[in-house]
Every structure is written in structure tokens, then in C-alpha cells.
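Engineer: Below is the file final.cif, which contains mmCIF, N, CA and C atoms.
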```cif
data_start
loop_
_atom_site.group_PDB
_atom_site.id
_atom_site.type_symbol
_atom_site.label_atom_id
_atom_site.label_comp_id
_atom_site.auth_asym_id
_atom_site.auth_seq_id
_atom_site.Cartn_x
_atom_site.Cartn_y
_atom_site.Cartn_z
ATOM 1 N N MET C 532 -6.918 15.422 27.495
ATOM 2 C CA MET C 532 -5.782 14.536 27.464
ATOM 3 C C MET C 532 -5.997 13.464 26.397
ATOM 4 N N VAL C 533 -4.932 13.133 25.728
ATOM 5 C CA VAL C 533 -4.984 12.114 24.684
ATOM 6 C C VAL C 533 -4.854 10.740 25.335
ATOM 7 N N THR C 534 -5.791 9.869 25.034
ATOM 8 C CA THR C 534 -5.730 8.519 25.591
ATOM 9 C C THR C 534 -5.068 7.566 24.596
ATOM 10 N N LYS C 535 -4.647 6.444 25.078
ATOM 11 C CA LYS C 535 -3.979 5.456 24.240
ATOM 12 C C LYS C 535 -4.883 4.998 23.102
ATOM 13 N N ILE C 536 -6.164 4.898 23.346
ATOM 14 C CA ILE C 536 -7.075 4.444 22.292
ATOM 15 C C ILE C 536 -7.113 5.423 21.121
ATOM 16 N N VAL C 537 -6.981 6.713 21.383
ATOM 17 C CA VAL C 537 -6.951 7.706 20.300
ATOM 18 C C VAL C 537 -5.720 7.468 19.427
ATOM 19 N N ILE C 538 -4.586 7.248 20.059
ATOM 20 C CA ILE C 538 -3.352 6.985 19.315
ATOM 21 C C ILE C 538 -3.486 5.690 18.513
ATOM 22 N N ASP C 539 -3.943 4.633 19.163
ATOM 23 C CA ASP C 539 -4.077 3.338 18.489
ATOM 24 C C ASP C 539 -5.021 3.410 17.300
ATOM 25 N N ARG C 540 -6.161 4.070 17.476
ATOM 26 C CA ARG C 540 -7.131 4.163 16.377
ATOM 27 C C ARG C 540 -6.632 5.052 15.236
ATOM 28 N N THR C 541 -5.903 6.094 15.574
ATOM 29 C CA THR C 541 -5.338 6.973 14.532
ATOM 30 C C THR C 541 -4.314 6.209 13.699
ATOM 31 N N LEU C 542 -3.450 5.455 14.352
ATOM 32 C CA LEU C 542 -2.468 4.645 13.632
ATOM 33 C C LEU C 542 -3.147 3.587 12.764
ATOM 34 N N GLN C 543 -4.178 2.942 13.294
ATOM 35 C CA GLN C 543 -4.902 1.934 12.521
ATOM 36 C C GLN C 543 -5.582 2.570 11.308
ATOM 37 N N PHE C 544 -6.133 3.774 11.485
ATOM 38 C CA PHE C 544 -6.755 4.505 10.376
ATOM 39 C C PHE C 544 -5.727 4.789 9.272
ATOM 40 N N LEU C 545 -4.543 5.260 9.656
ATOM 41 C CA LEU C 545 -3.495 5.532 8.674
ATOM 42 C C LEU C 545 -3.088 4.262 7.934
ATOM 43 N N LYS C 546 -2.968 3.174 8.672
ATOM 44 C CA LYS C 546 -2.588 1.892 8.065
ATOM 45 C C LYS C 546 -3.630 1.460 7.035
ATOM 46 N N GLU C 547 -4.907 1.564 7.404
ATOM 47 C CA GLU C 547 -5.981 1.129 6.511
ATOM 48 C C GLU C 547 -6.201 2.085 5.344
ATOM 49 N N MET C 548 -5.812 3.340 5.494
ATOM 50 C CA MET C 548 -5.988 4.332 4.432
ATOM 51 C C MET C 548 -5.122 4.007 3.220
ATOM 52 N N ALA C 549 -3.901 3.563 3.456
ATOM 53 C CA ALA C 549 -2.983 3.242 2.359
ATOM 54 C C ALA C 549 -3.451 1.967 1.666
ATOM 55 N N LYS C 550 -3.581 2.009 0.340
ATOM 56 C CA LYS C 550 -4.112 0.862 -0.402
ATOM 57 C C LYS C 550 -3.121 0.246 -1.379
ATOM 58 N N GLN C 551 -2.222 1.057 -1.942
ATOM 59 C CA GLN C 551 -1.253 0.525 -2.897
ATOM 60 C C GLN C 551 -0.125 1.512 -3.106
ATOM 61 N N ALA C 552 0.906 1.036 -3.799
ATOM 62 C CA ALA C 552 2.035 1.902 -4.153
ATOM 63 C C ALA C 552 2.057 2.068 -5.664
ATOM 64 N N VAL C 553 2.501 3.237 -6.089
ATOM 65 C CA VAL C 553 2.731 3.483 -7.504
ATOM 66 C C VAL C 553 4.221 3.773 -7.633
ATOM 67 N N VAL C 554 4.920 2.897 -8.355
ATOM 68 C CA VAL C 554 6.374 2.996 -8.479
ATOM 69 C C VAL C 554 6.720 3.296 -9.931
ATOM 70 N N THR C 555 7.570 4.304 -10.139
ATOM 71 C CA THR C 555 8.001 4.657 -11.487
ATOM 72 C C THR C 555 9.270 3.878 -11.803
ATOM 73 N N ILE C 556 9.146 2.954 -12.769
ATOM 74 C CA ILE C 556 10.256 2.100 -13.191
ATOM 75 C C ILE C 556 10.468 2.331 -14.677
ATOM 76 N N ASP C 557 11.680 2.749 -15.041
ATOM 77 C CA ASP C 557 12.016 3.047 -16.441
ATOM 78 C C ASP C 557 11.008 4.017 -17.059
ATOM 79 N N GLY C 558 10.572 5.022 -16.262
ATOM 80 C CA GLY C 558 9.676 6.058 -16.762
ATOM 81 C C GLY C 558 8.205 5.664 -16.804
ATOM 82 N N GLN C 559 7.867 4.451 -16.437
ATOM 83 C CA GLN C 559 6.482 3.976 -16.460
ATOM 84 C C GLN C 559 5.977 3.765 -15.040
ATOM 85 N N ASP C 560 4.771 4.252 -14.739
ATOM 86 C CA ASP C 560 4.172 4.020 -13.427
ATOM 87 C C ASP C 560 3.599 2.616 -13.364
ATOM 88 N N SER C 561 3.944 1.900 -12.304
ATOM 89 C CA SER C 561 3.431 0.548 -12.083
ATOM 90 C C SER C 561 2.776 0.493 -10.710
ATOM 91 N N ILE C 562 1.605 -0.133 -10.639
ATOM 92 C CA ILE C 562 0.936 -0.331 -9.359
ATOM 93 C C ILE C 562 1.530 -1.583 -8.725
ATOM 94 N N VAL C 563 1.954 -1.428 -7.468
ATOM 95 C CA VAL C 563 2.598 -2.525 -6.755
ATOM 96 C C VAL C 563 1.851 -2.755 -5.441
ATOM 97 N N SER C 564 1.512 -4.000 -5.187
ATOM 98 C CA SER C 564 0.842 -4.359 -3.933
ATOM 99 C C SER C 564 1.830 -4.320 -2.778
ATOM 100 N N PHE C 565 1.299 -4.226 -1.582
ATOM 101 C CA PHE C 565 2.147 -4.198 -0.394
ATOM 102 C C PHE C 565 2.704 -5.590 -0.109
ATOM 103 N N HIS C 566 3.926 -5.616 0.348
ATOM 104 C CA HIS C 566 4.522 -6.848 0.866
ATOM 105 C C HIS C 566 3.972 -7.087 2.269
ATOM 106 N N SER C 567 3.973 -6.018 3.086
ATOM 107 C CA SER C 567 3.434 -6.096 4.440
ATOM 108 C C SER C 567 3.285 -4.693 5.024
ATOM 109 N N GLN C 568 2.602 -4.623 6.153
ATOM 110 C CA GLN C 568 2.447 -3.380 6.910
ATOM 111 C C GLN C 568 2.551 -3.715 8.388
ATOM 112 N N GLU C 569 3.061 -2.758 9.171
ATOM 113 C CA GLU C 569 3.112 -2.949 10.614
ATOM 114 C C GLU C 569 3.061 -1.603 11.316
ATOM 115 N N ILE C 570 2.603 -1.648 12.561
ATOM 116 C CA ILE C 570 2.597 -0.456 13.407
ATOM 117 C C ILE C 570 3.646 -0.676 14.482
ATOM 118 N N ILE C 571 4.595 0.264 14.554
ATOM 119 C CA ILE C 571 5.648 0.223 15.566
ATOM 120 C C ILE C 571 5.616 1.555 16.300
ATOM 121 N N LYS C 572 5.240 1.507 17.564
ATOM 122 C CA LYS C 572 5.102 2.695 18.415
ATOM 123 C C LYS C 572 4.181 3.704 17.751
ATOM 124 N N ASP C 573 4.713 4.865 17.306
ATOM 125 C CA ASP C 573 3.888 5.922 16.711
ATOM 126 C C ASP C 573 4.018 5.978 15.192
ATOM 127 N N THR C 574 4.415 4.862 14.587
ATOM 128 C CA THR C 574 4.716 4.848 13.155
ATOM 129 C C THR C 574 4.048 3.672 12.455
ATOM 130 N N VAL C 575 3.493 3.960 11.272
ATOM 131 C CA VAL C 575 2.983 2.915 10.391
ATOM 132 C C VAL C 575 4.031 2.712 9.310
ATOM 133 N N LYS C 576 4.491 1.481 9.157
ATOM 134 C CA LYS C 576 5.462 1.156 8.102
ATOM 135 C C LYS C 576 4.779 0.277 7.071
ATOM 136 N N THR C 577 4.936 0.680 5.811
ATOM 137 C CA THR C 577 4.384 -0.073 4.692
ATOM 138 C C THR C 577 5.540 -0.501 3.802
ATOM 139 N N TYR C 578 5.639 -1.807 3.575
ATOM 140 C CA TYR C 578 6.746 -2.377 2.805
ATOM 141 C C TYR C 578 6.253 -2.770 1.417
ATOM 142 N N VAL C 579 7.006 -2.350 0.411
ATOM 143 C CA VAL C 579 6.685 -2.667 -0.976
ATOM 144 C C VAL C 579 7.912 -3.353 -1.565
ATOM 145 N N TYR C 580 7.712 -4.552 -2.128
ATOM 146 C CA TYR C 580 8.825 -5.303 -2.698
ATOM 147 C C TYR C 580 8.693 -5.335 -4.204
ATOM 148 N N ILE C 581 9.784 -4.980 -4.873
ATOM 149 C CA ILE C 581 9.840 -5.051 -6.333
ATOM 150 C C ILE C 581 10.701 -6.252 -6.676
ATOM 151 N N GLU C 582 10.176 -7.094 -7.515
ATOM 152 C CA GLU C 582 10.832 -8.354 -7.872
ATOM 153 C C GLU C 582 12.220 -8.148 -8.483
ATOM 154 N N ASN C 583 12.951 -9.254 -8.547
ATOM 155 C CA ASN C 583 14.279 -9.264 -9.165
ATOM 156 C C ASN C 583 14.201 -8.772 -10.604
ATOM 157 N N GLY C 584 15.275 -8.141 -11.053
ATOM 158 C CA GLY C 584 15.360 -7.700 -12.434
ATOM 159 C C GLY C 584 14.597 -6.424 -12.742
ATOM 160 N N HIS C 585 14.420 -5.558 -11.739
ATOM 161 C CA HIS C 585 13.696 -4.296 -11.983
ATOM 162 C C HIS C 585 14.572 -3.322 -12.764
ATOM 163 N N GLY C 586 13.927 -2.379 -13.427
ATOM 164 C CA GLY C 586 14.644 -1.331 -14.143
ATOM 165 C C GLY C 586 14.983 -0.179 -13.200
ATOM 166 N N GLN C 587 15.278 0.994 -13.775
ATOM 167 C CA GLN C 587 15.620 2.169 -12.973
ATOM 168 C C GLN C 587 14.379 2.712 -12.266
ATOM 169 N N VAL C 588 14.470 2.797 -10.941
ATOM 170 C CA VAL C 588 13.372 3.310 -10.127
ATOM 171 C C VAL C 588 13.653 4.777 -9.827
ATOM 172 N N THR C 589 12.712 5.664 -10.195
ATOM 173 C CA THR C 589 12.927 7.101 -9.988
ATOM 174 C C THR C 589 11.943 7.722 -9.003
ATOM 175 N N ALA C 590 10.851 7.020 -8.703
ATOM 176 C CA ALA C 590 9.874 7.556 -7.750
ATOM 177 C C ALA C 590 9.004 6.425 -7.227
ATOM 178 N N ALA C 591 8.472 6.655 -6.047
ATOM 179 C CA ALA C 591 7.513 5.719 -5.460
ATOM 180 C C ALA C 591 6.558 6.545 -4.603
ATOM 181 N N LYS C 592 5.272 6.241 -4.705
ATOM 182 C CA LYS C 592 4.316 6.948 -3.871
ATOM 183 C C LYS C 592 3.313 5.967 -3.283
ATOM 184 N N LEU C 593 2.860 6.305 -2.106
ATOM 185 C CA LEU C 593 1.844 5.554 -1.383
ATOM 186 C C LEU C 593 0.528 6.271 -1.616
ATOM 187 N N VAL C 594 -0.509 5.531 -2.043
ATOM 188 C CA VAL C 594 -1.782 6.169 -2.369
ATOM 189 C C VAL C 594 -2.937 5.476 -1.655
ATOM 190 N N ASP C 595 -4.048 6.221 -1.528
ATOM 191 C CA ASP C 595 -5.254 5.659 -0.926
ATOM 192 C C ASP C 595 -6.138 5.057 -2.021
ATOM 193 N N ALA C 596 -7.350 4.639 -1.670
ATOM 194 C CA ALA C 596 -8.252 3.983 -2.616
ATOM 195 C C ALA C 596 -8.645 4.879 -3.790
ATOM 196 N N GLN C 597 -8.623 6.203 -3.593
ATOM 197 C CA GLN C 597 -8.967 7.139 -4.673
ATOM 198 C C GLN C 597 -7.737 7.587 -5.457
ATOM 199 N N GLY C 598 -6.581 7.056 -5.130
ATOM 200 C CA GLY C 598 -5.352 7.440 -5.819
ATOM 201 C C GLY C 598 -4.720 8.704 -5.266
ATOM 202 N N ILE C 599 -5.202 9.183 -4.121
ATOM 203 C CA ILE C 599 -4.648 10.387 -3.506
ATOM 204 C C ILE C 599 -3.312 10.037 -2.852
ATOM 205 N N GLU C 600 -2.310 10.817 -3.152
ATOM 206 C CA GLU C 600 -0.960 10.578 -2.657
ATOM 207 C C GLU C 600 -0.851 10.856 -1.156
ATOM 208 N N LEU C 601 -0.337 9.872 -0.423
ATOM 209 C CA LEU C 601 -0.137 10.010 1.012
ATOM 210 C C LEU C 601 1.328 10.252 1.368
ATOM 211 N N ASP C 602 2.229 9.691 0.581
ATOM 212 C CA ASP C 602 3.669 9.811 0.819
ATOM 213 C C ASP C 602 4.371 9.602 -0.508
ATOM 214 N N ARG C 603 5.557 10.219 -0.653
ATOM 215 C CA ARG C 603 6.295 10.112 -1.925
ATOM 216 C C ARG C 603 7.792 10.086 -1.662
ATOM 217 N N TYR C 604 8.466 9.254 -2.439
ATOM 218 C CA TYR C 604 9.933 9.240 -2.485
ATOM 219 C C TYR C 604 10.350 9.560 -3.901
ATOM 220 N N THR C 605 11.298 10.459 -4.040
ATOM 221 C CA THR C 605 11.932 10.698 -5.325
ATOM 222 C C THR C 605 13.362 10.216 -5.172
ATOM 223 N N THR C 606 13.789 9.361 -6.078
ATOM 224 C CA THR C 606 15.069 8.703 -5.916
ATOM 225 C C THR C 606 15.647 8.363 -7.280
ATOM 226 N N SER C 607 16.783 7.723 -7.300
ATOM 227 C CA SER C 607 17.356 7.181 -8.519
ATOM 228 C C SER C 607 18.102 5.907 -8.150
ATOM 229 N N ILE C 608 17.425 4.795 -8.341
ATOM 230 C CA ILE C 608 18.014 3.494 -8.043
ATOM 231 C C ILE C 608 18.243 2.788 -9.371
ATOM 232 N N GLU C 609 19.479 2.437 -9.610
ATOM 233 C CA GLU C 609 19.870 1.819 -10.874
ATOM 234 C C GLU C 609 19.209 0.451 -11.046
ATOM 235 N N PRO C 610 19.071 0.023 -12.306
ATOM 236 C CA PRO C 610 18.542 -1.320 -12.562
ATOM 237 C C PRO C 610 19.373 -2.363 -11.813
ATOM 238 N N SER C 611 18.702 -3.420 -11.389
ATOM 239 C CA SER C 611 19.385 -4.441 -10.594
ATOM 240 C C SER C 611 18.779 -5.808 -10.849
ATOM 241 N N GLU C 612 19.609 -6.831 -10.702
ATOM 242 C CA GLU C 612 19.125 -8.200 -10.789
ATOM 243 C C GLU C 612 18.504 -8.640 -9.470
ATOM 244 N N ASP C 613 18.799 -7.880 -8.407
ATOM 245 C CA ASP C 613 18.261 -8.187 -7.088
ATOM 246 C C ASP C 613 16.927 -7.468 -6.900
ATOM 247 N N GLY C 614 16.126 -7.949 -5.959
ATOM 248 C CA GLY C 614 14.878 -7.289 -5.628
ATOM 249 C C GLY C 614 15.132 -5.998 -4.863
ATOM 250 N N LEU C 615 14.093 -5.206 -4.691
ATOM 251 C CA LEU C 615 14.198 -3.920 -4.001
ATOM 252 C C LEU C 615 13.030 -3.783 -3.031
ATOM 253 N N MET C 616 13.342 -3.458 -1.775
ATOM 254 C CA MET C 616 12.305 -3.216 -0.769
ATOM 255 C C MET C 616 12.227 -1.715 -0.518
ATOM 256 N N ILE C 617 11.050 -1.140 -0.685
ATOM 257 C CA ILE C 617 10.801 0.268 -0.401
ATOM 258 C C ILE C 617 9.971 0.314 0.880
ATOM 259 N N VAL C 618 10.347 1.181 1.811
ATOM 260 C CA VAL C 618 9.619 1.291 3.072
ATOM 261 C C VAL C 618 9.078 2.706 3.212
ATOM 262 N N PHE C 619 7.758 2.813 3.288
ATOM 263 C CA PHE C 619 7.098 4.082 3.567
ATOM 264 C C PHE C 619 6.853 4.156 5.065
ATOM 265 N N THR C 620 7.158 5.296 5.674
ATOM 266 C CA THR C 620 6.917 5.463 7.110
ATOM 267 C C THR C 620 6.041 6.692 7.342
ATOM 268 N N LEU C 621 4.930 6.477 8.028
ATOM 269 C CA LEU C 621 4.034 7.565 8.414
ATOM 270 C C LEU C 621 4.026 7.614 9.932
ATOM 271 N N SER C 622 4.552 8.698 10.486
ATOM 272 C CA SER C 622 4.608 8.845 11.942
ATOM 273 C C SER C 622 3.657 9.950 12.385
ATOM 274 N N ILE C 623 3.122 9.791 13.597
ATOM 275 C CA ILE C 623 2.216 10.810 14.123
ATOM 276 C C ILE C 623 2.708 11.304 15.484
ATOM 277 N N THR C 624 2.371 12.543 15.754
ATOM 278 C CA THR C 624 2.588 13.124 17.091
ATOM 279 C C THR C 624 1.289 13.803 17.481
ATOM 280 N N LEU C 625 0.670 13.308 18.516
ATOM 281 C CA LEU C 625 -0.575 13.920 18.996
ATOM 282 C C LEU C 625 -0.248 14.816 20.191
ATOM 283 N N LYS C 626 -0.775 16.001 20.183
ATOM 284 C CA LYS C 626 -0.532 16.950 21.259
ATOM 285 C C LYS C 626 -1.368 16.591 22.476
ATOM 286 N N GLY C 627 -0.821 16.814 23.629
ATOM 287 C CA GLY C 627 -1.536 16.520 24.859
ATOM 288 C C GLY C 627 -0.807 15.449 25.656
ATOM 289 N N GLU C 628 -1.320 15.172 26.805
ATOM 290 C CA GLU C 628 -0.706 14.172 27.675
ATOM 291 C C GLU C 628 -1.288 12.812 27.388
ATOM 292 N N LEU C 629 -0.449 11.806 27.480
ATOM 293 C CA LEU C 629 -0.914 10.437 27.332
ATOM 294 C C LEU C 629 -1.486 9.989 28.663
ATOM 295 N N GLN C 630 -2.688 9.504 28.599
ATOM 296 C CA GLN C 630 -3.362 9.056 29.816
ATOM 297 C C GLN C 630 -3.461 7.523 29.744
ATOM 298 N N ALA C 631 -2.871 6.835 30.696
ATOM 299 C CA ALA C 631 -2.840 5.369 30.671
ATOM 300 C C ALA C 631 -4.192 4.747 30.875
#
```
Will you turn the file into C-alpha cells for me?
Structural biologist:
Amino acid sequence: MVTKIVIDRTLQFLKEMAKQAVVTIDGQDSIVSFHSQEIIKDTVKTYVYIENGHGQVTAAKLVDAQGIELDRYTTSIEPSEDGLMIVFTLSITLKGELQA
């Protein structure tokens, strides 16, 4: 049976694994630090904020310390004078019964 501590530690591991975002703006990859991270139920959310006046955003990826891709968005967001918040979500489902 899966205990709550297994779920909690797995989520914490996923949160700590992600180290930075690589966002493609106007065809150039830029490393962007996280705005914040949080764990909500079975999901780790990582927020990346791009400052006002960004160019065209075509991709964003979440990477670990070695640059290994954990999550990716392919998109087309037009240049804007406003900032842009990108949210990466990593959700888990563990098989077995939850034991309180």
C-alpha cells in the first residue's frame, strides 16, 4: 500500500528536480529563473514570469540541473508590452491504496 509519505516525498523530489526554465523568445533560448513553485494535492506547479516587453514566445521547457528536459510547451504567443506567466504542471498518480 502506498503511504502518504511516499506521495509527499515523490512530489518534493519532483519539485526539487526542476532547476530552471528555458524559454524561446524571438528564436533565441533564454534561461529564466522561477517566479515560484508550489505543491497542490498531487501536482507540482512551477511558475515562470517573463518581464514586460517580451518578444514572440514559441517554446518553453522545464529542465533539471543537467539541462535534461522535464516538461515542454510549444506555443506561439505574440510580442506584448505586458508580462507573461508560464505555468508548468507535473502531476503524479501512484498505484495502490492510500494508507492514512
Engineer: Could you spell out the hits of the PyMOL selection byres ((chain C and resi 583-599) around 8) on the shown file, as an mmCIF file with N, CA and C atoms, in the frame of the given file?
Structural biologist:
```
data_model
loop_
_atom_site.group_PDB
_atom_site.id
_atom_site.type_symbol
_atom_site.label_atom_id
_atom_site.label_comp_id
_atom_site.auth_asym_id
_atom_site.auth_seq_id
_atom_site.Cartn_x
_atom_site.Cartn_y
_atom_site.Cartn_z
ATOM 1 N N GLU C 547 -4.907 1.564 7.404
ATOM 2 C CA GLU C 547 -5.981 1.129 6.511
ATOM 3 C C GLU C 547 -6.201 2.085 5.344
ATOM 4 N N MET C 548 -5.812 3.340 5.494
ATOM 5 C CA MET C 548 -5.988 4.332 4.432
ATOM 6 C C MET C 548 -5.122 4.007 3.220
ATOM 7 N N ALA C 549 -3.901 3.563 3.456
ATOM 8 C CA ALA C 549 -2.983 3.242 2.359
ATOM 9 C C ALA C 549 -3.451 1.967 1.666
ATOM 10 N N LYS C 550 -3.581 2.009 0.340
ATOM 11 C CA LYS C 550 -4.112 0.862 -0.402
ATOM 12 C C LYS C 550 -3.121 0.246 -1.379
ATOM 13 N N GLN C 551 -2.222 1.057 -1.942
ATOM 14 C CA GLN C 551 -1.253 0.525 -2.897
ATOM 15 C C GLN C 551 -0.125 1.512 -3.106
ATOM 16 N N ALA C 552 0.906 1.036 -3.799
ATOM 17 C CA ALA C 552 2.035 1.902 -4.153
ATOM 18 C C ALA C 552 2.057 2.068 -5.664
ATOM 19 N N VAL C 553 2.501 3.237 -6.089
ATOM 20 C CA VAL C 553 2.731 3.483 -7.504
ATOM 21 C C VAL C 553 4.221 3.773 -7.633
ATOM 22 N N VAL C 554 4.920 2.897 -8.355
ATOM 23 C CA VAL C 554 6.374 2.996 -8.479
ATOM 24 C C VAL C 554 6.720 3.296 -9.931
ATOM 25 N N THR C 555 7.570 4.304 -10.139
ATOM 26 C CA THR C 555 8.001 4.657 -11.487
ATOM 27 C C THR C 555 9.270 3.878 -11.803
ATOM 28 N N ILE C 556 9.146 2.954 -12.769
ATOM 29 C CA ILE C 556 10.256 2.100 -13.191
ATOM 30 C C ILE C 556 10.468 2.331 -14.677
ATOM 31 N N ASP C 557 11.680 2.749 -15.041
ATOM 32 C CA ASP C 557 12.016 3.047 -16.441
ATOM 33 C C ASP C 557 11.008 4.017 -17.059
ATOM 34 N N GLY C 558 10.572 5.022 -16.262
ATOM 35 C CA GLY C 558 9.676 6.058 -16.762
ATOM 36 C C GLY C 558 8.205 5.664 -16.804
ATOM 37 N N GLN C 559 7.867 4.451 -16.437
ATOM 38 C CA GLN C 559 6.482 3.976 -16.460
ATOM 39 C C GLN C 559 5.977 3.765 -15.040
ATOM 40 N N TYR C 580 7.712 -4.552 -2.128
ATOM 41 C CA TYR C 580 8.825 -5.303 -2.698
ATOM 42 C C TYR C 580 8.693 -5.335 -4.204
ATOM 43 N N ILE C 581 9.784 -4.980 -4.873
ATOM 44 C CA ILE C 581 9.840 -5.051 -6.333
ATOM 45 C C ILE C 581 10.701 -6.252 -6.676
ATOM 46 N N GLU C 582 10.176 -7.094 -7.515
ATOM 47 C CA GLU C 582 10.832 -8.354 -7.872
ATOM 48 C C GLU C 582 12.220 -8.148 -8.483
ATOM 49 N N GLU C 600 -2.310 10.817 -3.152
ATOM 50 C CA GLU C 600 -0.960 10.578 -2.657
ATOM 51 C C GLU C 600 -0.851 10.856 -1.156
ATOM 52 N N LEU C 601 -0.337 9.872 -0.423
ATOM 53 C CA LEU C 601 -0.137 10.010 1.012
ATOM 54 C C LEU C 601 1.328 10.252 1.368
ATOM 55 N N ASP C 602 2.229 9.691 0.581
ATOM 56 C CA ASP C 602 3.669 9.811 0.819
ATOM 57 C C ASP C 602 4.371 9.602 -0.508
ATOM 58 N N ARG C 603 5.557 10.219 -0.653
ATOM 59 C CA ARG C 603 6.295 10.112 -1.925
ATOM 60 C C ARG C 603 7.792 10.086 -1.662
ATOM 61 N N TYR C 604 8.466 9.254 -2.439
ATOM 62 C CA TYR C 604 9.933 9.240 -2.485
ATOM 63 C C TYR C 604 10.350 9.560 -3.901
ATOM 64 N N THR C 605 11.298 10.459 -4.040
ATOM 65 C CA THR C 605 11.932 10.698 -5.325
ATOM 66 C C THR C 605 13.362 10.216 -5.172
ATOM 67 N N THR C 606 13.789 9.361 -6.078
ATOM 68 C CA THR C 606 15.069 8.703 -5.916
ATOM 69 C C THR C 606 15.647 8.363 -7.280
ATOM 70 N N SER C 607 16.783 7.723 -7.300
ATOM 71 C CA SER C 607 17.356 7.181 -8.519
ATOM 72 C C SER C 607 18.102 5.907 -8.150
ATOM 73 N N ILE C 608 17.425 4.795 -8.341
ATOM 74 C CA ILE C 608 18.014 3.494 -8.043
ATOM 75 C C ILE C 608 18.243 2.788 -9.371
ATOM 76 N N GLU C 609 19.479 2.437 -9.610
ATOM 77 C CA GLU C 609 19.870 1.819 -10.874
ATOM 78 C C GLU C 609 19.209 0.451 -11.046
ATOM 79 N N PRO C 610 19.071 0.023 -12.306
ATOM 80 C CA PRO C 610 18.542 -1.320 -12.562
ATOM 81 C C PRO C 610 19.373 -2.363 -11.813
ATOM 82 N N SER C 611 18.702 -3.420 -11.389
ATOM 83 C CA SER C 611 19.385 -4.441 -10.594
ATOM 84 C C SER C 611 18.779 -5.808 -10.849
ATOM 85 N N GLU C 612 19.609 -6.831 -10.702
ATOM 86 C CA GLU C 612 19.125 -8.200 -10.789
ATOM 87 C C GLU C 612 18.504 -8.640 -9.470
ATOM 88 N N ASP C 613 18.799 -7.880 -8.407
ATOM 89 C CA ASP C 613 18.261 -8.187 -7.088
ATOM 90 C C ASP C 613 16.927 -7.468 -6.900
ATOM 91 N N GLY C 614 16.126 -7.949 -5.959
ATOM 92 C CA GLY C 614 14.878 -7.289 -5.628
ATOM 93 C C GLY C 614 15.132 -5.998 -4.863
ATOM 94 N N LEU C 615 14.093 -5.206 -4.691
ATOM 95 C CA LEU C 615 14.198 -3.920 -4.001
ATOM 96 C C LEU C 615 13.030 -3.783 -3.031
ATOM 97 N N PHE C 619 7.758 2.813 3.288
ATOM 98 C CA PHE C 619 7.098 4.082 3.567
ATOM 99 C C PHE C 619 6.853 4.156 5.065
#
```
Engineer: Which value, in Å to one decimal, gives the distance between atom C of C:Val563 and atom C of C:Leu542?
Structural biologist: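 These two atoms are separated by 19.9 Å.
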Engineer: Per DSSP on the backbone, filter chain C down to the residues in alpha helix (DSSP H) and report them as a list in words.
Structural biologist: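 DSSP-assigned alpha helix (DSSP H) residues in chain C: Lys535, Ile536, Val537, Ile538, Asp539, Arg540, Thr541, Leu542, Gln543, Phe544, Leu545, Lys546, Glu547 and Met548 of chain C.
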Engineer: Which is closest to C:Asp573 among C:Leu621, C:Phe544, C:Lys626, C:Met532, if we use all atoms listed in the file?
Structural biologist: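 Under the stated criterion, the closest residue is C:Leu621.
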Engineer: Give me, please, the distance in Å between atom CA of C:Arg540 and atom CA of C:Ser567, quoted to one decimal.
Structural biologist: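 We find that atom CA of C:Arg540 and atom CA of C:Ser567 lie 19.0 Å from each other.
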Engineer: Apply the PyMOL selection byres ((chain C and resi 620) around 6.5) to the displayed file and report the matching residues as a ChimeraX atom specification.
Structural biologist: /C:574-577,618-619,621-622
Engineer: Please give the centre and size of the box around stretch 577-591 of chain C (axis-aligned, containing every atom listed in the file, 3 Å added per side), with values in Å to one decimal and written as JSON.
Structural biologist:
```
{"center_x": 10.0, "center_y": -0.8, "center_z": -4.2, "size_x": 17.2, "size_y": 23.0, "size_z": 26.0}
```
Engineer: Among the residues of chain C, find those DSSP assigns to strand (DSSP E) from the backbone and print them as a PyMOL selection string.
Structural biologist: chain C and resi 533-534+551-556+559-563+567-571+574-581+588-594+600-608+615-622+629-630
